[in-house]
$ cat upload_34.cif   # mmCIF, C-alpha atoms and all ligand atoms
data_entry
loop_
_atom_site.label_atom_id
_atom_site.label_comp_id
_atom_site.auth_asym_id
_atom_site.auth_seq_id
_atom_site.Cartn_x
_atom_site.Cartn_y
_atom_site.Cartn_z
CA MET R 2 -39.00 20.96 88.21
CA ARG R 3 -42.17 18.86 88.19
CA LEU R 4 -45.22 20.63 89.56
CA ILE R 5 -48.89 19.91 90.04
CA LEU R 6 -51.32 22.83 90.39
CA LEU R 7 -54.40 21.95 92.38
CA GLY R 8 -57.42 24.13 93.04
CA PRO R 9 -61.03 24.85 92.14
CA PRO R 10 -61.97 26.20 88.71
CA GLY R 11 -61.10 29.90 88.60
CA ALA R 12 -58.34 29.60 91.20
CA GLY R 13 -55.82 31.00 88.71
CA LYS R 14 -54.03 27.72 87.92
CA GLY R 15 -53.85 28.50 84.19
CA THR R 16 -52.48 32.01 84.71
CA GLN R 17 -49.87 30.80 87.22
CA ALA R 18 -48.93 27.86 84.99
CA LYS R 19 -48.20 30.26 82.10
CA MET R 20 -46.00 32.43 84.34
CA LEU R 21 -44.17 29.38 85.74
CA THR R 22 -43.61 28.07 82.21
CA GLN R 23 -41.70 31.25 81.35
CA LYS R 24 -39.65 31.24 84.55
CA PHE R 25 -38.61 27.58 84.48
CA ASN R 26 -38.79 26.94 80.73
CA ILE R 27 -40.90 23.82 81.17
CA PRO R 28 -44.25 23.12 79.47
CA GLN R 29 -47.70 23.71 80.92
CA ILE R 30 -49.83 20.60 80.49
CA SER R 31 -53.49 21.50 80.84
CA THR R 32 -55.89 18.60 80.37
CA GLY R 33 -58.70 21.17 79.97
CA ASP R 34 -56.84 22.84 77.05
CA ILE R 35 -56.00 19.47 75.45
CA LEU R 36 -59.64 18.38 75.70
CA ARG R 37 -61.01 21.70 74.39
CA LYS R 38 -58.72 21.36 71.35
CA ALA R 39 -59.94 17.78 70.82
CA VAL R 40 -63.55 19.03 70.93
CA LYS R 41 -62.74 21.84 68.48
CA ASP R 42 -60.97 19.41 66.10
CA ASP R 43 -63.89 16.97 66.51
CA THR R 44 -61.57 14.02 67.24
CA GLU R 45 -62.81 10.76 68.77
CA ILE R 46 -61.59 11.90 72.22
CA GLY R 47 -63.29 15.26 71.72
CA GLN R 48 -66.57 13.60 70.81
CA ARG R 49 -66.41 11.45 73.96
CA ALA R 50 -65.43 14.37 76.21
CA LYS R 51 -67.82 17.09 75.01
CA GLN R 52 -70.98 16.11 76.85
CA PHE R 53 -69.12 15.80 80.18
CA MET R 54 -67.36 19.14 79.74
CA ASP R 55 -70.52 21.02 78.73
CA GLY R 56 -72.26 19.72 81.84
CA GLY R 57 -69.40 20.66 84.18
CA CYS R 58 -68.61 16.98 84.94
CA LEU R 59 -65.26 15.25 84.79
CA VAL R 60 -64.50 13.19 81.69
CA PRO R 61 -63.84 9.47 82.34
CA ASP R 62 -60.48 8.76 84.01
CA ASP R 63 -59.13 6.46 81.27
CA LEU R 64 -59.46 9.23 78.71
CA VAL R 65 -57.24 11.75 80.52
CA ILE R 66 -54.86 9.20 82.06
CA ASP R 67 -53.84 7.91 78.62
CA LEU R 68 -53.36 11.47 77.36
CA ILE R 69 -51.10 12.40 80.28
CA LYS R 70 -49.07 9.18 80.22
CA GLU R 71 -48.08 9.93 76.63
CA ARG R 72 -47.62 13.67 77.07
CA ILE R 73 -45.18 13.55 80.02
CA ARG R 74 -42.91 11.19 78.08
CA GLU R 75 -42.43 13.69 75.26
CA PRO R 76 -38.93 15.22 74.89
CA ASP R 77 -39.96 18.73 76.03
CA CYS R 78 -40.89 17.27 79.45
CA GLN R 79 -37.41 15.93 80.13
CA ASN R 80 -36.52 18.82 82.48
CA GLY R 81 -39.96 18.98 84.01
CA PHE R 82 -43.55 20.07 83.48
CA ILE R 83 -46.46 21.83 85.13
CA LEU R 84 -49.64 19.78 85.40
CA ASP R 85 -52.59 22.17 85.34
CA GLY R 86 -55.91 20.43 86.06
CA PHE R 87 -54.54 16.89 86.41
CA PRO R 88 -54.92 14.78 88.51
CA ARG R 89 -58.51 15.45 89.54
CA THR R 90 -59.53 12.08 91.04
CA ASN R 91 -57.91 9.48 93.28
CA VAL R 92 -57.58 7.06 90.37
CA GLN R 93 -55.78 9.72 88.29
CA ALA R 94 -53.41 10.52 91.19
CA GLU R 95 -52.59 6.85 91.72
CA LYS R 96 -51.96 6.23 88.01
CA LEU R 97 -49.76 9.33 87.83
CA THR R 98 -47.69 8.12 90.80
CA GLU R 99 -47.27 4.73 89.08
CA THR R 100 -46.24 6.33 85.78
CA LEU R 101 -43.71 8.66 87.42
CA LYS R 102 -42.25 5.74 89.37
CA ALA R 103 -41.79 3.79 86.15
CA MET R 104 -40.03 6.84 84.67
CA ASN R 105 -37.88 7.11 87.81
CA VAL R 106 -38.86 10.73 88.51
CA ASP R 107 -40.70 12.54 91.33
CA ILE R 108 -43.08 15.43 91.72
CA ASP R 109 -41.26 18.34 93.42
CA ALA R 110 -44.34 20.15 94.70
CA VAL R 111 -48.12 20.14 94.58
CA VAL R 112 -49.31 23.72 94.90
CA GLU R 113 -52.85 24.09 96.16
CA PHE R 114 -54.61 27.45 95.55
CA ARG R 115 -57.19 28.60 98.06
CA VAL R 116 -60.01 30.83 96.78
CA ASN R 117 -63.54 31.30 98.11
CA PRO R 118 -66.48 30.13 95.94
CA GLU R 119 -68.04 33.63 95.49
CA GLU R 120 -64.73 34.88 94.12
CA VAL R 121 -64.63 31.91 91.71
CA VAL R 122 -68.10 32.70 90.31
CA ASN R 123 -67.12 36.35 89.84
CA ARG R 124 -63.82 35.49 88.15
CA LEU R 125 -65.28 32.91 85.77
CA THR R 126 -68.47 34.68 84.70
CA GLY R 127 -66.36 37.71 83.64
CA ARG R 128 -63.54 35.72 82.02
CA SER R 129 -62.65 35.68 78.32
CA THR R 130 -59.76 33.97 76.53
CA CYS R 131 -57.92 34.74 73.30
CA SER R 132 -58.66 32.05 70.74
CA GLU R 133 -55.23 32.61 69.15
CA CYS R 134 -52.68 32.90 71.99
CA GLY R 135 -54.66 31.79 75.06
CA ALA R 136 -54.18 35.09 76.98
CA MET R 137 -56.86 35.62 79.61
CA PHE R 138 -58.87 38.76 80.40
CA HIS R 139 -61.59 39.75 82.84
CA GLU R 140 -64.30 42.33 82.17
CA THR R 141 -63.53 44.30 85.37
CA SER R 142 -60.16 43.24 86.80
CA ARG R 143 -58.18 42.80 83.55
CA PRO R 144 -60.21 44.30 80.69
CA PRO R 145 -58.77 44.25 77.16
CA LYS R 146 -57.94 47.70 75.70
CA GLN R 147 -60.49 47.08 72.93
CA ALA R 148 -63.59 44.99 73.72
CA GLY R 149 -63.42 41.47 72.30
CA ILE R 150 -59.83 41.84 71.00
CA CYS R 151 -56.65 40.42 72.53
CA ASP R 152 -54.12 43.09 73.63
CA HIS R 153 -51.19 40.80 72.78
CA CYS R 154 -51.94 39.34 69.35
CA GLY R 155 -55.17 40.96 68.12
CA GLY R 156 -57.00 37.59 68.21
CA ALA R 157 -60.72 37.34 68.98
CA LEU R 158 -61.68 36.86 72.65
CA SER R 159 -64.28 34.24 73.49
CA LYS R 160 -66.05 32.94 76.57
CA ARG R 161 -65.90 29.25 77.49
CA PRO R 162 -69.28 27.50 77.20
CA ASP R 163 -68.85 26.09 80.74
CA ASP R 164 -68.25 29.56 82.28
CA ASN R 165 -71.94 30.16 83.04
CA LYS R 166 -73.23 30.32 86.61
CA ASP R 167 -75.03 26.93 86.74
CA THR R 168 -72.12 25.02 85.23
CA ILE R 169 -69.62 26.86 87.46
CA LEU R 170 -71.58 25.78 90.57
CA LYS R 171 -71.58 22.20 89.27
CA ARG R 172 -67.81 22.35 88.64
CA LEU R 173 -67.27 23.65 92.18
CA ASP R 174 -69.30 20.76 93.53
CA VAL R 175 -67.29 18.26 91.50
CA PHE R 176 -64.08 19.84 92.78
CA LYS R 177 -65.21 19.49 96.40
CA ASN R 178 -66.26 15.85 96.05
CA GLU R 179 -63.67 14.44 93.62
CA THR R 180 -60.57 16.62 93.65
CA GLU R 181 -60.28 18.21 97.08
CA PRO R 182 -59.59 14.81 98.74
CA LEU R 183 -56.31 14.73 96.75
CA LYS R 184 -54.94 17.27 99.21
CA ASP R 185 -54.69 14.44 101.76
CA PHE R 186 -53.10 12.14 99.19
CA TYR R 187 -50.29 14.65 98.55
CA ARG R 188 -50.04 15.81 102.16
CA LYS R 189 -49.18 12.21 103.03
CA GLN R 190 -46.57 12.19 100.25
CA GLY R 191 -45.10 15.37 101.80
CA THR R 192 -45.38 17.46 98.62
CA LEU R 193 -48.44 19.64 99.33
CA LYS R 194 -47.96 23.43 99.62
CA THR R 195 -50.84 25.85 100.07
CA ALA R 196 -50.94 29.27 98.38
CA GLU R 197 -53.48 31.97 99.17
CA GLY R 198 -55.18 32.53 95.79
CA SER R 199 -56.32 36.13 96.36
CA GLY R 200 -54.54 39.23 95.05
CA THR R 201 -53.03 40.05 91.69
CA ALA R 202 -51.53 37.35 89.46
CA GLU R 203 -48.07 38.81 90.20
CA GLU R 204 -48.62 38.68 93.99
CA ILE R 205 -49.75 35.05 93.80
CA PHE R 206 -46.81 34.22 91.55
CA ASP R 207 -44.35 35.64 94.11
CA ARG R 208 -45.97 33.48 96.81
CA VAL R 209 -45.73 30.37 94.65
CA CYS R 210 -42.09 31.00 93.70
CA ALA R 211 -41.14 31.50 97.35
CA MET R 212 -42.75 28.15 98.16
CA ILE R 213 -41.15 26.06 95.47
CA SER R 214 -37.65 27.53 95.36
P1 LIG Y 1 -60.44 23.08 83.03
O1 LIG Y 1 -60.04 23.83 81.82
O2 LIG Y 1 -59.26 22.53 83.79
O3 LIG Y 1 -61.38 23.86 83.90
O4 LIG Y 1 -61.24 21.79 82.51
C1 LIG Y 1 -62.43 21.93 81.75
C2 LIG Y 1 -63.20 20.62 81.75
O5 LIG Y 1 -62.39 19.60 81.14
C3 LIG Y 1 -63.55 20.06 83.12
O6 LIG Y 1 -64.73 20.62 83.65
C4 LIG Y 1 -63.70 18.57 82.79
O7 LIG Y 1 -64.92 18.32 82.12
C5 LIG Y 1 -62.58 18.35 81.79
N1 LIG Y 1 -61.31 17.96 82.45
C6 LIG Y 1 -60.15 18.67 82.47
N2 LIG Y 1 -59.21 18.01 83.15
C7 LIG Y 1 -59.77 16.87 83.59
C8 LIG Y 1 -59.30 15.77 84.37
N3 LIG Y 1 -58.05 15.73 84.84
N4 LIG Y 1 -60.18 14.76 84.62
C9 LIG Y 1 -61.43 14.78 84.14
N5 LIG Y 1 -61.94 15.79 83.43
C10 LIG Y 1 -61.11 16.84 83.14
#

$ encode --input "upload_34.cif" --output "structure tokens"
Amino acid sequence: MRLILLGPPGAGKGTQAKMLTQKFNIPQISTGDILRKAVKDDTEIGQRAKQFMDGGCLVPDDLVIDLIKERIREPDCQNGFILDGFPRTNVQAEKLTETLKAMNVDIDAVVEFRVNPEEVVNRLTGRSTCSECGAMFHETSRPPKQAGICDHCGGALSKRPDDNKDTILKRLDVFKNETEPLKDFYRKQGTLKTAEGSGTAEEIFDRVCAMIS
């Protein structure tokens, strides 16, 4: 199963990707997570990406395309993968199509999540993530049992530097201009499916599973 999750920041792509990973036993490939790790480790890629990420802009195409080309050829991707946050531009989508063709494999479905912008701002401003296991919490809809501590592993919860209102609005703008046009690209390829992104994570997951099975 090879899936692409498409949607604005805060649409729940990361949460759904984690649930799909467990169901299908295929890896989640999040370019955002890979880049955040590169920034944390202060690698050359991280140093190039940081300023774009902090400002809510996309990092240059060549940077993420090279990362993905290598990652989807790794052995754990043999039975499939879930692309979470890639592609985000036309160039990325075209390069991905080329790479998959060379590997003689296809994308099974592109799942687009629909969420309204006010909901996105609310979700992201209240979001925190475990720095150890990546579990996500929200101050009102999914609060941790103990403030600042992960329920699952006891790790410290932290907020992403780009989850502030101004940067969220910028990221929404970037999504509308650069990424939303990809819906047409995949509609033409016949792989686009649209999931209503409201409701609990479990409700959305059921919708997604019904679409892709
Ligand atoms: P995310 O975790 O998916 O919200 O991504 C966080 C940030 O990483 C984005 O705002 C971009 O700066 C960068 N990023 C992640 N994926 C991509 C991509 N496919 N193309 C360009 N920039 C990306």

$ residues_near_ligand --input "upload_34.cif" --ligand "ligand LIG 1 (chain Y)" --cutoff "10 Å" --atoms "only C-alpha atoms and all ligand atoms" --output "PyMOL selection string"
chain R and resi 7-12+14-15+31-37+50-66+68-69+84-90+92-94+161-164+168-169+171-173+175-176+179-180

$ atom_distance --input "upload_34.cif" --atom1 "atom CA of R:Arg49" --atom2 "atom CA of R:Thr16"
27.1 Å

$ closest_residue --input "upload_34.cif" --among "R:Leu170, R:Ala148, R:Ile73, R:Met212" --to "R:Thr100" --atoms "only C-alpha atoms"
R:Ile73

$ residues_around --input "upload_34.cif" --residues "R:Phe186" --least-positions-apart "4" --cutoff "10 Å" --atoms "only C-alpha atoms" --output "NGL selection string"
:R and (91 or 94-95 or 181-182 or 190-193)

$ residues_around --input "upload_34.cif" --residues "R:Ser199" --least-positions-apart "3" --cutoff "10 Å" --atoms "all atoms listed in the file" --output "list in words"
Ala12, Gly13, Phe114, Arg115, Val116, Asn117, Glu120, Ala196, Ala202, Glu204 and Ile205 of chain R

$ axis_aligned_box --input "upload_34.cif" --around "stretch 87-95 of chain R" --padding-each-side "8 Å" --output "AutoDock Vina command-line options"
--center_x -56.1 --center_y 11.9 --center_z 89.8 --size_x 22.9 --size_y 26.0 --size_z 22.9

$ build_atoms --input "upload_34.cif" --residues "stretch 77-99 of chain R" --atoms "N, CA, C and O atoms" --output "PDB file, in the coordinates of the input"
ATOM      1  N   ASP R  77     -39.961  17.412  75.368  1.00  0.00           N
ATOM      2  CA  ASP R  77     -39.960  18.730  76.030  1.00  0.00           C
ATOM      3  C   ASP R  77     -40.255  18.633  77.526  1.00  0.00           C
ATOM      4  O   ASP R  77     -40.140  19.620  78.249  1.00  0.00           O
ATOM      5  N   CYS R  78     -40.603  17.431  78.010  1.00  0.00           N
ATOM      6  CA  CYS R  78     -40.890  17.270  79.450  1.00  0.00           C
ATOM      7  C   CYS R  78     -39.684  16.700  80.207  1.00  0.00           C
ATOM      8  O   CYS R  78     -39.787  16.416  81.401  1.00  0.00           O
ATOM      9  N   GLN R  79     -38.570  16.556  79.511  1.00  0.00           N
ATOM     10  CA  GLN R  79     -37.410  15.930  80.130  1.00  0.00           C
ATOM     11  C   GLN R  79     -36.926  16.683  81.377  1.00  0.00           C
ATOM     12  O   GLN R  79     -36.532  16.072  82.360  1.00  0.00           O
ATOM     13  N   ASN R  80     -36.980  18.039  81.312  1.00  0.00           N
ATOM     14  CA  ASN R  80     -36.520  18.820  82.480  1.00  0.00           C
ATOM     15  C   ASN R  80     -37.653  19.186  83.421  1.00  0.00           C
ATOM     16  O   ASN R  80     -37.443  19.913  84.383  1.00  0.00           O
ATOM     17  N   GLY R  81     -38.842  18.713  83.122  1.00  0.00           N
ATOM     18  CA  GLY R  81     -39.960  18.980  84.010  1.00  0.00           C
ATOM     19  C   GLY R  81     -41.210  19.402  83.273  1.00  0.00           C
ATOM     20  O   GLY R  81     -41.223  19.485  82.039  1.00  0.00           O
ATOM     21  N   PHE R  82     -42.262  19.660  84.050  1.00  0.00           N
ATOM     22  CA  PHE R  82     -43.550  20.070  83.480  1.00  0.00           C
ATOM     23  C   PHE R  82     -44.431  20.611  84.594  1.00  0.00           C
ATOM     24  O   PHE R  82     -44.143  20.410  85.780  1.00  0.00           O
ATOM     25  N   ILE R  83     -45.483  21.303  84.165  1.00  0.00           N
ATOM     26  CA  ILE R  83     -46.460  21.830  85.130  1.00  0.00           C
ATOM     27  C   ILE R  83     -47.802  21.209  84.779  1.00  0.00           C
ATOM     28  O   ILE R  83     -48.343  21.454  83.694  1.00  0.00           O
ATOM     29  N   LEU R  84     -48.323  20.394  85.652  1.00  0.00           N
ATOM     30  CA  LEU R  84     -49.640  19.780  85.400  1.00  0.00           C
ATOM     31  C   LEU R  84     -50.709  20.725  85.927  1.00  0.00           C
ATOM     32  O   LEU R  84     -50.743  21.061  87.113  1.00  0.00           O
ATOM     33  N   ASP R  85     -51.557  21.182  85.014  1.00  0.00           N
ATOM     34  CA  ASP R  85     -52.590  22.170  85.340  1.00  0.00           C
ATOM     35  C   ASP R  85     -53.951  21.490  85.105  1.00  0.00           C
ATOM     36  O   ASP R  85     -54.357  21.307  83.967  1.00  0.00           O
ATOM     37  N   GLY R  86     -54.591  21.072  86.208  1.00  0.00           N
ATOM     38  CA  GLY R  86     -55.910  20.430  86.060  1.00  0.00           C
ATOM     39  C   GLY R  86     -55.835  18.911  86.000  1.00  0.00           C
ATOM     40  O   GLY R  86     -56.823  18.251  85.665  1.00  0.00           O
ATOM     41  N   PHE R  87     -54.717  18.347  86.322  1.00  0.00           N
ATOM     42  CA  PHE R  87     -54.540  16.890  86.410  1.00  0.00           C
ATOM     43  C   PHE R  87     -53.547  16.627  87.535  1.00  0.00           C
ATOM     44  O   PHE R  87     -52.535  17.318  87.591  1.00  0.00           O
ATOM     45  N   PRO R  88     -53.760  15.670  88.415  1.00  0.00           N
ATOM     46  CA  PRO R  88     -54.920  14.780  88.510  1.00  0.00           C
ATOM     47  C   PRO R  88     -56.107  15.464  89.187  1.00  0.00           C
ATOM     48  O   PRO R  88     -55.956  16.442  89.895  1.00  0.00           O
ATOM     49  N   ARG R  89     -57.286  14.900  88.959  1.00  0.00           N
ATOM     50  CA  ARG R  89     -58.510  15.450  89.540  1.00  0.00           C
ATOM     51  C   ARG R  89     -59.305  14.398  90.299  1.00  0.00           C
ATOM     52  O   ARG R  89     -60.350  14.725  90.868  1.00  0.00           O
ATOM     53  N   THR R  90     -58.866  13.149  90.266  1.00  0.00           N
ATOM     54  CA  THR R  90     -59.530  12.080  91.040  1.00  0.00           C
ATOM     55  C   THR R  90     -58.451  11.215  91.666  1.00  0.00           C
ATOM     56  O   THR R  90     -57.281  11.249  91.241  1.00  0.00           O
ATOM     57  N   ASN R  91     -58.859  10.393  92.640  1.00  0.00           N
ATOM     58  CA  ASN R  91     -57.910   9.480  93.280  1.00  0.00           C
ATOM     59  C   ASN R  91     -57.273   8.538  92.279  1.00  0.00           C
ATOM     60  O   ASN R  91     -56.078   8.291  92.333  1.00  0.00           O
ATOM     61  N   VAL R  92     -58.108   7.999  91.368  1.00  0.00           N
ATOM     62  CA  VAL R  92     -57.580   7.060  90.370  1.00  0.00           C
ATOM     63  C   VAL R  92     -56.502   7.749  89.525  1.00  0.00           C
ATOM     64  O   VAL R  92     -55.429   7.201  89.273  1.00  0.00           O
ATOM     65  N   GLN R  93     -56.771   8.983  89.101  1.00  0.00           N
ATOM     66  CA  GLN R  93     -55.780   9.720  88.290  1.00  0.00           C
ATOM     67  C   GLN R  93     -54.486   9.923  89.080  1.00  0.00           C
ATOM     68  O   GLN R  93     -53.381   9.769  88.537  1.00  0.00           O
ATOM     69  N   ALA R  94     -54.613  10.277  90.363  1.00  0.00           N
ATOM     70  CA  ALA R  94     -53.410  10.520  91.190  1.00  0.00           C
ATOM     71  C   ALA R  94     -52.608   9.235  91.348  1.00  0.00           C
ATOM     72  O   ALA R  94     -51.374   9.248  91.249  1.00  0.00           O
ATOM     73  N   GLU R  95     -53.303   8.120  91.546  1.00  0.00           N
ATOM     74  CA  GLU R  95     -52.590   6.850  91.720  1.00  0.00           C
ATOM     75  C   GLU R  95     -51.879   6.446  90.428  1.00  0.00           C
ATOM     76  O   GLU R  95     -50.728   6.016  90.449  1.00  0.00           O
ATOM     77  N   LYS R  96     -52.568   6.597  89.302  1.00  0.00           N
ATOM     78  CA  LYS R  96     -51.960   6.230  88.010  1.00  0.00           C
ATOM     79  C   LYS R  96     -50.762   7.143  87.697  1.00  0.00           C
ATOM     80  O   LYS R  96     -49.765   6.697  87.136  1.00  0.00           O
ATOM     81  N   LEU R  97     -50.884   8.416  88.069  1.00  0.00           N
ATOM     82  CA  LEU R  97     -49.760   9.330  87.830  1.00  0.00           C
ATOM     83  C   LEU R  97     -48.556   8.895  88.670  1.00  0.00           C
ATOM     84  O   LEU R  97     -47.430   8.856  88.165  1.00  0.00           O
ATOM     85  N   THR R  98     -48.790   8.559  89.928  1.00  0.00           N
ATOM     86  CA  THR R  98     -47.690   8.120  90.800  1.00  0.00           C
ATOM     87  C   THR R  98     -47.005   6.892  90.188  1.00  0.00           C
ATOM     88  O   THR R  98     -45.775   6.830  90.125  1.00  0.00           O
ATOM     89  N   GLU R  99     -47.818   5.945  89.711  1.00  0.00           N
ATOM     90  CA  GLU R  99     -47.270   4.730  89.080  1.00  0.00           C
ATOM     91  C   GLU R  99     -46.416   5.067  87.854  1.00  0.00           C
ATOM     92  O   GLU R  99     -45.319   4.545  87.691  1.00  0.00           O
TER      93      GLU R  99
END
